[in-house]
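> Supplied structure: start.csv, CSV, C-alpha atoms.
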chain,number,residue,atom,x,y,z
A,243,MET,CA,42.8,116.6,-90.3
A,244,ARG,CA,46.2,117.9,-89.2
A,245,LYS,CA,45.2,117.2,-85.6
A,246,LYS,CA,44.4,113.6,-86.5
A,247,LEU,CA,47.6,113.1,-88.4
A,248,LYS,CA,49.5,114.5,-85.4
A,249,ALA,CA,47.8,112.0,-83.1
A,250,VAL,CA,48.5,109.1,-85.4
A,251,LEU,CA,52.2,110.1,-85.7
A,252,GLY,CA,52.5,110.6,-82.0
A,253,GLU,CA,51.0,107.1,-81.4
A,254,PHE,CA,53.4,105.6,-83.9
A,255,ALA,CA,56.3,107.3,-82.3
A,256,ILE,CA,55.4,105.9,-78.9
A,257,TYR,CA,54.9,102.5,-80.4
A,258,LEU,CA,58.3,102.7,-82.1
A,259,GLY,CA,59.9,103.8,-78.9
A,260,ILE,CA,58.5,100.9,-76.9
A,261,TYR,CA,59.3,98.4,-79.7
A,262,SER,CA,62.9,99.7,-80.1
A,263,ALA,CA,63.5,99.4,-76.3
A,264,ILE,CA,62.1,95.8,-76.3
A,265,VAL,CA,64.1,94.6,-79.3
A,266,THR,CA,67.3,96.1,-77.8
A,267,ILE,CA,66.7,94.5,-74.4
A,268,TYR,CA,66.1,91.2,-76.1
A,269,LEU,CA,69.3,91.5,-78.1
A,270,LEU,CA,71.4,92.4,-75.0
A,271,PHE,CA,69.8,89.6,-73.0
A,272,ILE,CA,70.7,87.0,-75.7
A,273,LEU,CA,74.2,88.5,-76.2
A,274,ASN,CA,75.0,88.4,-72.4
A,275,SER,CA,73.3,85.1,-71.5
A,276,PHE,CA,73.6,82.8,-74.5
A,277,SER,CA,76.5,83.9,-76.7
A,278,GLY,CA,78.9,81.3,-75.2
A,279,ALA,CA,76.4,78.5,-75.4
A,280,LEU,CA,75.4,79.4,-79.0
A,281,ASN,CA,79.1,79.5,-80.0
A,282,THR,CA,79.7,76.0,-78.5
A,283,LEU,CA,76.5,74.7,-80.2
A,284,SER,CA,77.6,76.0,-83.6
A,285,GLU,CA,80.7,73.8,-83.3
A,286,SER,CA,79.0,70.7,-81.8
A,287,ASN,CA,75.5,70.4,-83.2
A,288,LEU,CA,74.7,72.3,-86.4
A,289,ILE,CA,71.1,70.9,-86.6
A,290,ILE,CA,70.0,72.3,-83.2
A,291,TYR,CA,72.0,75.5,-84.0
A,292,SER,CA,70.1,76.0,-87.3
A,293,ILE,CA,66.7,75.5,-85.7
A,294,LEU,CA,67.7,77.8,-82.8
A,295,ALA,CA,69.0,80.5,-85.1
A,296,LEU,CA,65.7,80.6,-87.0
A,297,ALA,CA,63.7,80.5,-83.7
A,298,LEU,CA,65.7,83.4,-82.1
A,299,ILE,CA,65.1,85.5,-85.2
A,300,LEU,CA,61.4,84.6,-85.4
A,301,VAL,CA,60.9,85.4,-81.7
A,302,GLN,CA,62.5,88.8,-82.3
A,303,GLY,CA,60.3,89.3,-85.4
A,304,VAL,CA,57.0,88.0,-84.2
A,305,ILE,CA,56.6,87.9,-80.4
A,306,LEU,CA,58.3,91.2,-79.5
A,307,GLU,CA,55.8,93.0,-81.8
A,308,ASN,CA,52.9,91.3,-80.0
A,309,VAL,CA,54.4,92.3,-76.7
A,310,THR,CA,54.6,95.9,-77.9
A,311,SER,CA,51.0,95.8,-79.1
A,312,PHE,CA,50.0,94.4,-75.7
A,313,ILE,CA,51.8,97.1,-73.8
A,314,MET,CA,50.2,99.8,-76.1
A,315,GLY,CA,46.8,98.3,-75.4
A,316,ARG,CA,47.4,98.4,-71.6
A,317,VAL,CA,48.4,102.0,-71.7
A,318,GLY,CA,45.3,103.0,-73.5
A,319,PHE,CA,46.3,103.1,-77.2
A,320,ARG,CA,44.7,101.0,-80.0
B,119,MET,CA,78.0,96.4,-83.5
B,120,GLY,CA,76.5,99.9,-83.9
B,121,LEU,CA,77.4,99.9,-87.6
B,122,LEU,CA,75.8,96.5,-88.2
B,123,ALA,CA,72.6,97.7,-86.5
B,124,LEU,CA,72.7,100.9,-88.5
B,125,LEU,CA,73.1,98.8,-91.7
B,126,GLY,CA,70.2,96.7,-90.6
B,127,PHE,CA,68.1,99.8,-90.0
B,128,ALA,CA,68.8,101.1,-93.5
B,129,VAL,CA,68.0,97.8,-95.2
B,130,GLY,CA,64.9,97.4,-93.0
B,131,VAL,CA,63.5,100.8,-94.1
B,132,LEU,CA,64.3,100.1,-97.8
B,133,GLY,CA,63.1,96.5,-97.7
B,134,ALA,CA,59.8,97.2,-96.1
B,135,PHE,CA,59.1,100.2,-98.3
B,136,PHE,CA,60.0,98.5,-101.6
B,137,GLY,CA,59.3,94.9,-100.8
B,138,VAL,CA,62.8,93.6,-101.3
B,139,GLY,CA,65.3,91.7,-99.1
B,140,GLY,CA,68.0,94.2,-99.5
B,141,GLY,CA,70.8,91.7,-100.0
B,142,PHE,CA,72.3,93.8,-102.8
B,143,LEU,CA,73.2,96.5,-100.2
B,144,ALA,CA,73.7,94.5,-97.0
B,145,ALA,CA,76.0,91.8,-98.4
B,146,PRO,CA,78.8,94.1,-99.7
B,147,VAL,CA,78.6,96.4,-96.7
B,148,MET,CA,78.8,93.5,-94.3
B,149,TYR,CA,81.9,92.3,-96.0
B,150,VAL,CA,83.4,95.8,-95.8
B,151,LEU,CA,82.6,95.9,-92.1
B,152,GLY,CA,84.7,92.8,-91.5
B,153,VAL,CA,82.1,89.9,-91.5
B,154,PRO,CA,84.0,86.9,-92.9
B,155,ILE,CA,82.9,86.2,-96.5
B,156,ASN,CA,81.6,82.7,-95.7
B,157,TYR,CA,79.2,84.2,-93.1
B,158,VAL,CA,77.9,87.0,-95.3
B,159,VAL,CA,75.2,85.3,-97.4
B,160,GLY,CA,73.8,83.0,-94.6
B,161,THR,CA,73.8,85.7,-92.0
B,162,ASP,CA,72.2,88.2,-94.3
B,163,LEU,CA,69.4,85.7,-95.1
B,164,THR,CA,68.8,85.0,-91.4
B,165,HIS,CA,68.3,88.7,-90.6
B,166,MET,CA,66.1,89.0,-93.7
B,167,VAL,CA,63.7,86.4,-92.2
B,168,GLY,CA,63.0,88.5,-89.1
B,169,LYS,CA,62.8,91.7,-91.0
B,170,SER,CA,60.4,90.3,-93.6
B,171,VAL,CA,58.2,88.9,-90.8
B,172,VAL,CA,58.0,92.4,-89.2
B,173,ALA,CA,57.3,94.1,-92.5
B,174,ALA,CA,54.9,91.5,-93.8
B,175,LYS,CA,52.9,91.6,-90.6
B,176,LYS,CA,52.7,95.4,-90.8
B,177,HIS,CA,51.6,95.2,-94.5
B,178,ARG,CA,49.1,92.5,-93.7
B,179,SER,CA,47.5,94.7,-91.1
B,180,MET,CA,47.0,97.2,-93.9
B,181,GLY,CA,45.5,94.6,-96.2
B,182,HIS,CA,48.6,94.4,-98.5
B,183,VAL,CA,49.4,90.7,-98.5
B,184,ASP,CA,47.9,88.2,-100.9
B,185,ILE,CA,48.7,85.0,-99.2
B,186,LYS,CA,47.2,82.7,-101.9
B,187,LEU,CA,49.3,84.5,-104.6
B,188,GLY,CA,52.4,84.4,-102.3
B,189,ILE,CA,52.2,80.7,-101.8
B,190,LEU,CA,51.6,79.9,-105.5
B,191,MET,CA,54.6,82.1,-106.4
B,192,VAL,CA,56.9,80.4,-103.8
B,193,LEU,CA,55.9,77.0,-105.1
B,194,ALA,CA,57.1,78.0,-108.5
B,195,THR,CA,60.1,80.1,-107.4
B,196,MET,CA,61.8,77.3,-105.5
B,197,PRO,CA,62.3,75.0,-108.5
B,198,GLY,CA,63.2,78.1,-110.6
B,199,VAL,CA,66.0,78.9,-108.1
B,200,GLU,CA,67.3,75.3,-108.3
B,201,VAL,CA,67.4,75.4,-112.2
B,202,GLY,CA,69.1,78.8,-112.0
B,203,ALA,CA,71.7,77.4,-109.6
B,204,GLN,CA,72.3,74.4,-112.0
B,205,ILE,CA,72.9,76.9,-114.9
B,206,VAL,CA,75.5,78.7,-112.8
B,207,GLU,CA,77.2,75.3,-112.1
B,208,PHE,CA,77.3,74.6,-115.9
B,209,LEU,CA,78.8,78.0,-116.6
B,210,LYS,CA,81.4,77.6,-113.8
B,211,ASN,CA,82.5,74.4,-115.4
B,212,ASN,CA,83.0,76.3,-118.7
B,213,GLU,CA,84.8,79.1,-116.8
B,214,LEU,CA,82.2,81.6,-118.1
B,215,ALA,CA,80.3,82.2,-114.9
B,216,ASP,CA,81.6,85.6,-113.9
B,217,LEU,CA,81.3,87.2,-117.3
B,218,VAL,CA,77.9,85.7,-118.4
B,219,ILE,CA,76.3,86.1,-114.9
B,220,GLY,CA,77.7,89.6,-114.4
B,221,THR,CA,76.6,90.8,-117.9
B,222,THR,CA,73.2,89.2,-117.5
B,223,TYR,CA,72.8,90.8,-114.1
B,224,ILE,CA,73.7,94.3,-115.4
B,225,VAL,CA,71.4,94.0,-118.5
B,226,ILE,CA,68.4,92.7,-116.6
B,227,LEU,CA,68.7,95.1,-113.6
B,228,MET,CA,69.3,98.2,-115.8
B,229,GLY,CA,66.4,97.1,-118.0
B,230,VAL,CA,64.1,96.8,-115.0
B,231,ALA,CA,65.3,100.2,-113.7
B,232,ILE,CA,64.8,102.0,-117.0
B,233,PHE,CA,61.4,100.3,-117.6
B,234,VAL,CA,60.0,101.0,-114.1
B,235,ALA,CA,61.2,104.6,-114.2
B,236,TRP,CA,59.6,105.2,-117.6
B,237,GLU,CA,56.4,103.4,-116.7
B,238,SER,CA,56.0,105.1,-113.3
B,239,ARG,CA,56.5,108.6,-114.9
B,240,ARG,CA,53.8,107.9,-117.5
B,241,ALA,CA,51.5,106.6,-114.8
B,242,LEU,CA,52.1,109.7,-112.7
B,243,ARG,CA,51.4,111.9,-115.7
B,244,ALA,CA,48.1,109.9,-116.3
B,245,VAL,CA,47.1,110.6,-112.7
B,246,ARG,CA,47.7,114.3,-113.3
B,247,VAL,CA,46.3,114.7,-116.8
B,248,GLU,CA,43.6,112.0,-117.1
B,249,LYS,CA,42.5,112.5,-113.4
B,250,LEU,CA,43.0,108.7,-112.8
B,251,THR,CA,43.2,107.5,-109.2
B,252,ALA,CA,46.8,106.5,-108.3
B,253,GLU,CA,45.7,102.9,-107.8
B,254,ASP,CA,44.4,102.6,-111.4
B,255,ALA,CA,47.4,104.3,-113.0
B,256,LEU,CA,49.5,101.7,-114.7
B,257,ALA,CA,51.0,102.6,-118.1
B,258,PHE,CA,51.5,98.9,-119.0
B,259,LYS,CA,48.0,97.7,-118.4
B,260,SER,CA,47.4,96.2,-121.9
B,261,PHE,CA,50.1,93.6,-121.4
B,262,THR,CA,48.8,92.7,-117.9
B,263,ARG,CA,45.3,92.3,-119.3
B,264,ARG,CA,46.6,89.9,-122.0
B,265,ILE,CA,48.2,87.7,-119.3
B,266,GLN,CA,45.0,87.8,-117.2
B,267,SER,CA,43.0,86.7,-120.3
B,268,ILE,CA,45.0,83.5,-120.8
B,269,ASN,CA,42.4,80.9,-120.4
B,270,ILE,CA,44.2,77.7,-119.4
B,271,PRO,CA,42.4,76.0,-116.5
B,272,PRO,CA,42.6,75.9,-113.5
B,273,MET,CA,41.7,79.6,-113.1
B,274,ILE,CA,41.9,81.3,-109.8
B,275,ARG,CA,40.4,84.4,-108.2
B,276,LEU,CA,42.7,86.8,-106.2
B,277,PRO,CA,40.3,89.2,-104.5
B,278,GLU,CA,43.0,90.6,-102.3
B,279,SER,CA,44.9,91.7,-105.4
B,280,GLY,CA,41.7,92.8,-107.2
B,281,ILE,CA,42.1,90.1,-109.9
B,282,GLY,CA,38.8,88.5,-111.0
B,283,SER,CA,40.4,85.6,-112.8
B,284,ILE,CA,43.9,84.4,-113.8
B,285,SER,CA,45.3,81.1,-114.9
B,286,ILE,CA,47.3,79.4,-112.2
B,287,TRP,CA,49.8,78.4,-114.9
B,288,ALA,CA,50.5,82.0,-115.7
B,289,ILE,CA,51.4,82.6,-112.0
B,290,LEU,CA,53.5,79.5,-111.8
B,291,LEU,CA,55.3,80.4,-115.0
B,292,ILE,CA,56.1,83.9,-113.8
B,293,GLY,CA,57.2,82.5,-110.4
B,294,PHE,CA,59.4,80.0,-112.0
B,295,PHE,CA,61.0,82.6,-114.3
B,296,THR,CA,61.7,85.1,-111.5
B,297,GLY,CA,63.1,82.2,-109.4
B,298,LEU,CA,65.3,81.1,-112.3
B,299,LEU,CA,66.8,84.6,-112.7
B,300,ALA,CA,67.2,84.9,-108.9
B,301,GLY,CA,69.0,81.6,-108.7
B,302,MET,CA,71.2,82.4,-111.7
B,303,LEU,CA,72.1,85.9,-110.5
B,304,GLY,CA,72.6,84.9,-106.9
B,305,VAL,CA,70.1,87.5,-105.6
B,306,GLY,CA,67.0,87.1,-103.4
B,307,GLY,CA,64.8,88.1,-106.3
B,308,GLY,CA,62.8,91.0,-104.8
B,309,PHE,CA,64.2,93.3,-107.5
B,310,ILE,CA,62.6,91.2,-110.2
B,311,ARG,CA,59.6,89.7,-108.4
B,312,MET,CA,58.1,93.0,-107.2
B,313,PRO,CA,57.8,94.5,-110.7
B,314,ALA,CA,56.8,91.1,-112.1
B,315,LEU,CA,53.8,91.0,-109.6
B,316,VAL,CA,52.8,94.5,-110.7
B,317,TYR,CA,53.3,94.3,-114.5
B,318,PHE,CA,52.7,90.6,-115.3
B,319,ILE,CA,50.2,89.5,-112.7
B,320,GLY,CA,48.5,92.9,-112.2
B,321,CYS,CA,48.8,93.3,-108.5
B,322,PRO,CA,48.5,96.8,-107.0
B,323,THR,CA,51.9,98.1,-106.0
B,324,HIS,CA,51.2,98.0,-102.3
B,325,VAL,CA,50.0,94.4,-102.5
B,326,ALA,CA,53.0,93.4,-104.6
B,327,ILE,CA,55.3,94.8,-101.8
B,328,GLY,CA,53.5,92.9,-99.0
B,329,THR,CA,53.2,89.7,-101.0
B,330,ASP,CA,56.8,89.8,-102.0
B,331,LEU,CA,57.8,90.2,-98.3
B,332,PHE,CA,55.6,87.2,-97.4
B,333,GLU,CA,57.5,85.2,-100.1
B,334,ILE,CA,60.8,86.3,-98.7
B,335,ILE,CA,59.9,84.9,-95.3
B,336,ILE,CA,59.5,81.4,-96.7
B,337,SER,CA,62.5,81.5,-99.1
B,338,ALA,CA,64.9,83.2,-96.7
B,339,SER,CA,63.9,80.7,-93.9
B,340,TYR,CA,64.7,77.9,-96.3
B,341,GLY,CA,68.0,79.6,-97.1
B,342,THR,CA,68.8,80.2,-93.4
B,343,LEU,CA,68.4,76.5,-92.5
B,344,THR,CA,70.5,75.3,-95.4
B,345,HIS,CA,73.3,77.8,-94.8
B,346,ALA,CA,73.2,77.3,-91.0
B,347,LEU,CA,73.6,73.5,-91.5
B,348,LYS,CA,76.7,74.3,-93.5
B,349,GLY,CA,78.0,76.5,-90.6
B,350,ASN,CA,77.6,79.7,-92.6
B,351,VAL,CA,75.3,81.6,-90.2
B,352,ASP,CA,76.5,83.8,-87.3
B,353,ILE,CA,73.3,84.2,-85.3
B,354,MET,CA,74.7,87.0,-83.1
B,355,ILE,CA,75.5,89.2,-86.1
B,356,ALA,CA,72.0,88.4,-87.5
B,357,LEU,CA,70.4,89.4,-84.2
B,358,VAL,CA,72.4,92.7,-84.1
B,359,MET,CA,71.4,93.5,-87.7
B,360,HIS,CA,67.8,92.5,-87.1
B,361,THR,CA,67.5,94.9,-84.1
B,362,GLY,CA,68.1,97.8,-86.5
B,363,ALA,CA,66.1,96.1,-89.3
B,364,ALA,CA,63.0,95.5,-87.2
B,365,ILE,CA,62.8,99.1,-86.3
B,366,GLY,CA,63.5,100.2,-89.9
B,367,ALA,CA,60.9,97.8,-91.2
B,368,GLN,CA,58.2,99.3,-89.0
B,369,ILE,CA,59.0,102.7,-90.4
B,370,GLY,CA,59.4,101.5,-94.0
B,371,ALA,CA,56.1,99.6,-94.0
B,372,THR,CA,54.2,102.5,-92.4
B,373,LEU,CA,55.6,105.0,-94.9
B,374,THR,CA,54.0,103.1,-97.8
B,375,LYS,CA,50.6,104.3,-96.5
B,376,TYR,CA,51.6,107.9,-97.5
B,377,TYR,CA,52.8,107.2,-101.0
B,378,SER,CA,50.9,106.2,-104.1
B,379,GLY,CA,51.8,103.1,-106.2
B,380,PRO,CA,53.4,105.0,-109.1
B,381,LYS,CA,55.5,107.1,-106.7
B,382,ILE,CA,56.8,104.0,-104.9
B,383,ARG,CA,57.6,102.4,-108.3
B,384,MET,CA,59.4,105.5,-109.4
B,385,TYR,CA,61.6,105.5,-106.3
B,386,PHE,CA,62.0,101.7,-106.6
B,387,SER,CA,63.6,102.1,-110.0
B,388,ILE,CA,66.7,103.6,-108.4
B,389,LEU,CA,67.5,100.3,-106.5
B,390,PRO,CA,68.1,97.9,-109.4
B,391,ALA,CA,70.2,100.6,-111.1
B,392,ILE,CA,72.4,100.8,-107.9
B,393,GLY,CA,72.7,97.0,-107.9
B,394,ALA,CA,73.7,97.0,-111.6
B,395,LEU,CA,76.3,99.7,-111.1
B,396,LEU,CA,77.8,97.8,-108.1
B,397,VAL,CA,78.3,94.7,-110.3
B,398,LEU,CA,79.6,96.7,-113.2
B,399,TYR,CA,82.2,98.2,-110.9
B,400,LYS,CA,83.2,94.8,-109.6
B,401,LEU,CA,83.5,93.4,-113.1
B,402,ILE,CA,85.7,96.3,-114.2
B,403,SER,CA,87.8,96.4,-111.1
B,404,THR,CA,88.6,92.6,-111.4
B,405,ASN,CA,89.4,92.9,-115.1
B,406,ILE,CA,86.6,90.5,-116.1
B,407,LEU,CA,85.0,93.2,-118.2
B,408,LEU,CA,87.2,95.6,-120.4
Just give me the structure of the file as structure tokens.


Amino acid sequence: MRKKLKAVLGEFAIYLGIYSAIVTIYLLFILNSFSGALNTLSESNLIIYSILALALILVQGVILENVTSFIMGRVGFR
Amino acid sequence: MGLLALLGFAVGVLGAFFGVGGGFLAAPVMYVLGVPINYVVGTDLTHMVGKSVVAAKKHRSMGHVDIKLGILMVLATMPGVEVGAQIVEFLKNNELADLVIGTTYIVILMGVAIFVAWESRRALRAVRVEKLTAEDALAFKSFTRRIQSINIPPMIRLPESGIGSISIWAILLIGFFTGLLAGMLGVGGGFIRMPALVYFIGCPTHVAIGTDLFEIIISASYGTLTHALKGNVDIMIALVMHTGAAIGAQIGATLTKYYSGPKIRMYFSILPAIGALLVLYKLISTNILL
């Protein structure tokens, strides 16, 4: 039982490590590449800015988790 | 940037564990950290969307989201929020808004906190003494049964919540009422909705948490779009907060696996009490009360 719990916790820790790295890389990429463009957009076109704001958050919320699960699967975890 | 990510992390853990948005904590701290006041609400809602997606996905993988119930609740919550906002406008015109809303907020949240604390302690005692399973332990079951026995068609089955039959009107009425309070008090509503799902509808605590997070995705997305169109969203701040919140939400949602419903409810009761004390402090420090 304890061995099983240890394995589950270990797997979750690896998952969390990969996920944390991916969300941080995503954040840094957006900050470095698009902050200027997004700033300009927030002053010139609020409709596109609103849609983009929601899309960027949803990508961070949905797709990055799928990427993490994919990587976990590739390295042999469920 | 680090502090905002840390705040996101804390709100992420709490939100995913208790099924709330966490605006009661995030908004004042964001303001203290120097986020301009006009960006606080919109940006907080934006990060809430991402965090709730992460947490709801995790809860769904554990079978803790009742999508049918969530959609019905959202349908009724939205008009409730609008009516609540209209009441606030009426009170503002009569210069009573701060006092009436503040006092209502304190009374309702303290009431929720005391009731949930009392009920969860009784439920935990029932688990110990009557050897009930933690899932079955609800000290307020007679009231829930009475709501479930209201026989006004159309009736609906909610197998994911373990509910054989309940009137759609009961769900819509509860959704409307929680929306009304949320709109009136200017909060997301998780404080009120999560206990309402447990005590009024009869959802198991874990399903109530997941379903509430599912609802927050829809309502916070709507809020994000409306605030962003008014220029009240800073997406960079939201992304920084969400980086911490996404990691926190993974931890918070996973932790629910290791706690029983009554235990989660007992810990939950602290949150509305904190929210009420924060508002009480604000009312006293601005001389609105006393």

> List as a list in words the protein and nucleic acid residues near Ala297 in chain A, meaning an atom at most 12 Å away when all atoms listed in the file are counted, but skip any in the same chain fewer than 4 places from it.

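Within the cut-off, the hits are Ile290, Tyr291, Ser292, Ile293, Val301, Gln302, Gly303, Val304 and Ile305 of chain A; Thr164, His165, Val167, Gly168, Ser339, Thr342, Leu343, Ile353 and Leu357 of chain B.
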
> Between A:Asn281, A:Ala295, A:Val265, A:Leu288, single out the one closest to Thr161 in chain B, counting all atoms listed in the file.

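Smallest separation from Thr161 in chain B among the options: A:Ala295.
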
> I'd like the neighbourhood of range 202-213 of chain B as a PyMOL selection string, where a residue qualifies if any of its atoms comes within 10 Å (using only C-alpha atoms), though same-chain residues fewer than 2 positions away should be ignored.

chain B and resi 196-200+215-219+294-304

> How would the residues just picked look written out with C-alpha atoms as a PDB file, in the coordinates of the input?


ATOM      1  CA  MET B 196      61.800  77.300-105.500  1.00  0.00           C
ATOM      2  CA  PRO B 197      62.300  75.000-108.500  1.00  0.00           C
ATOM      3  CA  GLY B 198      63.200  78.100-110.600  1.00  0.00           C
ATOM      4  CA  VAL B 199      66.000  78.900-108.100  1.00  0.00           C
ATOM      5  CA  GLU B 200      67.300  75.300-108.300  1.00  0.00           C
ATOM      6  CA  ALA B 215      80.300  82.200-114.900  1.00  0.00           C
ATOM      7  CA  ASP B 216      81.600  85.600-113.900  1.00  0.00           C
ATOM      8  CA  LEU B 217      81.300  87.200-117.300  1.00  0.00           C
ATOM      9  CA  VAL B 218      77.900  85.700-118.400  1.00  0.00           C
ATOM     10  CA  ILE B 219      76.300  86.100-114.900  1.00  0.00           C
ATOM     11  CA  PHE B 294      59.400  80.000-112.000  1.00  0.00           C
ATOM     12  CA  PHE B 295      61.000  82.600-114.300  1.00  0.00           C
ATOM     13  CA  THR B 296      61.700  85.100-111.500  1.00  0.00           C
ATOM     14  CA  GLY B 297      63.100  82.200-109.400  1.00  0.00           C
ATOM     15  CA  LEU B 298      65.300  81.100-112.300  1.00  0.00           C
ATOM     16  CA  LEU B 299      66.800  84.600-112.700  1.00  0.00           C
ATOM     17  CA  ALA B 300      67.200  84.900-108.900  1.00  0.00           C
ATOM     18  CA  GLY B 301      69.000  81.600-108.700  1.00  0.00           C
ATOM     19  CA  MET B 302      71.200  82.400-111.700  1.00  0.00           C
ATOM     20  CA  LEU B 303      72.100  85.900-110.500  1.00  0.00           C
ATOM     21  CA  GLY B 304      72.600  84.900-106.900  1.00  0.00           C
TER      22      GLY B 304
END

> Smallest atom-to-atom distance to Asn308 in chain A: which of A:Ile260, A:Leu270, A:Leu280, A:Ile289, using only C-alpha atoms?

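The closest residue to Asn308 in chain A is A:Ile260.
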
> List the spatial neighbours of Phe312 in chain A as a list in words - criterion: any atom at most 12 Å away, all atoms listed in the file, same-chain residues fewer than 6 positions off excluded.

Tyr257, Ile260, Tyr261, Ile305, Leu306, Gly318, Phe319 and Arg320 of chain A

> Show me, as lines of an AutoDock Vina configuration file, the centre and edge lengths in Å to one decimal of the axis-aligned box that covers every listed atom of range 126-134 of chain B with 3 Å on each side.


center_x = 65.0
center_y = 98.8
center_z = -93.9
size_x = 16.4
size_y = 10.6
size_z = 13.8

> Go ahead and compute the interatomic distance for CA of Ala194 in chain B and CA of Gly293 in chain B, in Å to one decimal.

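Separation of CA of Ala194 in chain B and CA of Gly293 in chain B: 4.9 Å.
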
> Taking all atoms listed in the file into account, name the residue in A:Val309, A:Arg244, A:Asn287, A:Arg316 that is nearest to chain B.

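Ranked by minimum distance to chain B, first place goes to A:Asn287.
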
> Select residues of chain B: the criterion is any atom within 9 Å of an atom of chain A, counting all atoms listed in the file; output as an NGL selection string.

:B and (164-165 or 167-172 or 175 or 339 or 342-349 or 351-354 or 356-358 or 360-362 or 364-365 or 368-369)

> What is the distance, in Å and to one decimal place, between CA of Leu398 in chain B and CA of Glu237 in chain B?

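Going from CA of Leu398 in chain B over to CA of Glu237 in chain B covers 24.4 Å.
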
> Just to confirm, what's the straight-line distance from CA of Ala394 in chain B to CA of Phe309 in chain B in Å (one decimal)?

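CA of Phe309 in chain B lies 11.0 Å from CA of Ala394 in chain B.
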
> Smallest atom-to-atom distance to Cys321 in chain B: which of B:Ser337, B:Thr262, B:Ser285, B:Asn350, using only C-alpha atoms?

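Using only C-alpha atoms, Cys321 in chain B sits closest to B:Thr262.
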
> N, CA and C atoms are needed for range 247-262 of chain A; please write them out as a PDB file, in the frame of the given file.


ATOM      1  N   LEU A 247      46.351 113.593 -87.932  1.00  0.00           N
ATOM      2  CA  LEU A 247      47.600 113.100 -88.400  1.00  0.00           C
ATOM      3  C   LEU A 247      48.679 113.184 -87.270  1.00  0.00           C
ATOM      4  N   LYS A 248      48.616 114.291 -86.525  1.00  0.00           N
ATOM      5  CA  LYS A 248      49.500 114.500 -85.400  1.00  0.00           C
ATOM      6  C   LYS A 248      49.356 113.385 -84.369  1.00  0.00           C
ATOM      7  N   ALA A 249      48.081 113.060 -84.103  1.00  0.00           N
ATOM      8  CA  ALA A 249      47.800 112.000 -83.100  1.00  0.00           C
ATOM      9  C   ALA A 249      48.295 110.655 -83.582  1.00  0.00           C
ATOM     10  N   VAL A 250      48.086 110.362 -84.891  1.00  0.00           N
ATOM     11  CA  VAL A 250      48.500 109.100 -85.400  1.00  0.00           C
ATOM     12  C   VAL A 250      50.070 108.987 -85.373  1.00  0.00           C
ATOM     13  N   LEU A 251      50.728 110.090 -85.758  1.00  0.00           N
ATOM     14  CA  LEU A 251      52.200 110.100 -85.700  1.00  0.00           C
ATOM     15  C   LEU A 251      52.725 109.958 -84.306  1.00  0.00           C
ATOM     16  N   GLY A 252      52.051 110.640 -83.382  1.00  0.00           N
ATOM     17  CA  GLY A 252      52.500 110.600 -82.000  1.00  0.00           C
ATOM     18  C   GLY A 252      52.344 109.146 -81.455  1.00  0.00           C
ATOM     19  N   GLU A 253      51.227 108.501 -81.805  1.00  0.00           N
ATOM     20  CA  GLU A 253      51.000 107.100 -81.400  1.00  0.00           C
ATOM     21  C   GLU A 253      52.058 106.184 -81.965  1.00  0.00           C
ATOM     22  N   PHE A 254      52.365 106.420 -83.256  1.00  0.00           N
ATOM     23  CA  PHE A 254      53.400 105.600 -83.900  1.00  0.00           C
ATOM     24  C   PHE A 254      54.740 105.790 -83.279  1.00  0.00           C
ATOM     25  N   ALA A 255      55.051 107.047 -82.913  1.00  0.00           N
ATOM     26  CA  ALA A 255      56.300 107.300 -82.300  1.00  0.00           C
ATOM     27  C   ALA A 255      56.452 106.609 -80.937  1.00  0.00           C
ATOM     28  N   ILE A 256      55.355 106.608 -80.173  1.00  0.00           N
ATOM     29  CA  ILE A 256      55.400 105.900 -78.900  1.00  0.00           C
ATOM     30  C   ILE A 256      55.542 104.402 -79.110  1.00  0.00           C
ATOM     31  N   TYR A 257      54.790 103.881 -80.084  1.00  0.00           N
ATOM     32  CA  TYR A 257      54.900 102.500 -80.400  1.00  0.00           C
ATOM     33  C   TYR A 257      56.325 102.102 -80.787  1.00  0.00           C
ATOM     34  N   LEU A 258      56.912 102.947 -81.648  1.00  0.00           N
ATOM     35  CA  LEU A 258      58.300 102.700 -82.100  1.00  0.00           C
ATOM     36  C   LEU A 258      59.276 102.748 -80.957  1.00  0.00           C
ATOM     37  N   GLY A 259      59.059 103.703 -80.051  1.00  0.00           N
ATOM     38  CA  GLY A 259      59.900 103.800 -78.900  1.00  0.00           C
ATOM     39  C   GLY A 259      59.902 102.578 -78.021  1.00  0.00           C
ATOM     40  N   ILE A 260      58.684 102.107 -77.719  1.00  0.00           N
ATOM     41  CA  ILE A 260      58.500 100.900 -76.900  1.00  0.00           C
ATOM     42  C   ILE A 260      59.141  99.695 -77.609  1.00  0.00           C
ATOM     43  N   TYR A 261      58.817  99.588 -78.906  1.00  0.00           N
ATOM     44  CA  TYR A 261      59.300  98.400 -79.700  1.00  0.00           C
ATOM     45  C   TYR A 261      60.843  98.437 -79.750  1.00  0.00           C
ATOM     46  N   SER A 262      61.432  99.624 -79.982  1.00  0.00           N
ATOM     47  CA  SER A 262      62.900  99.700 -80.100  1.00  0.00           C
ATOM     48  C   SER A 262      63.521  99.276 -78.730  1.00  0.00           C
TER      49      SER A 262
END
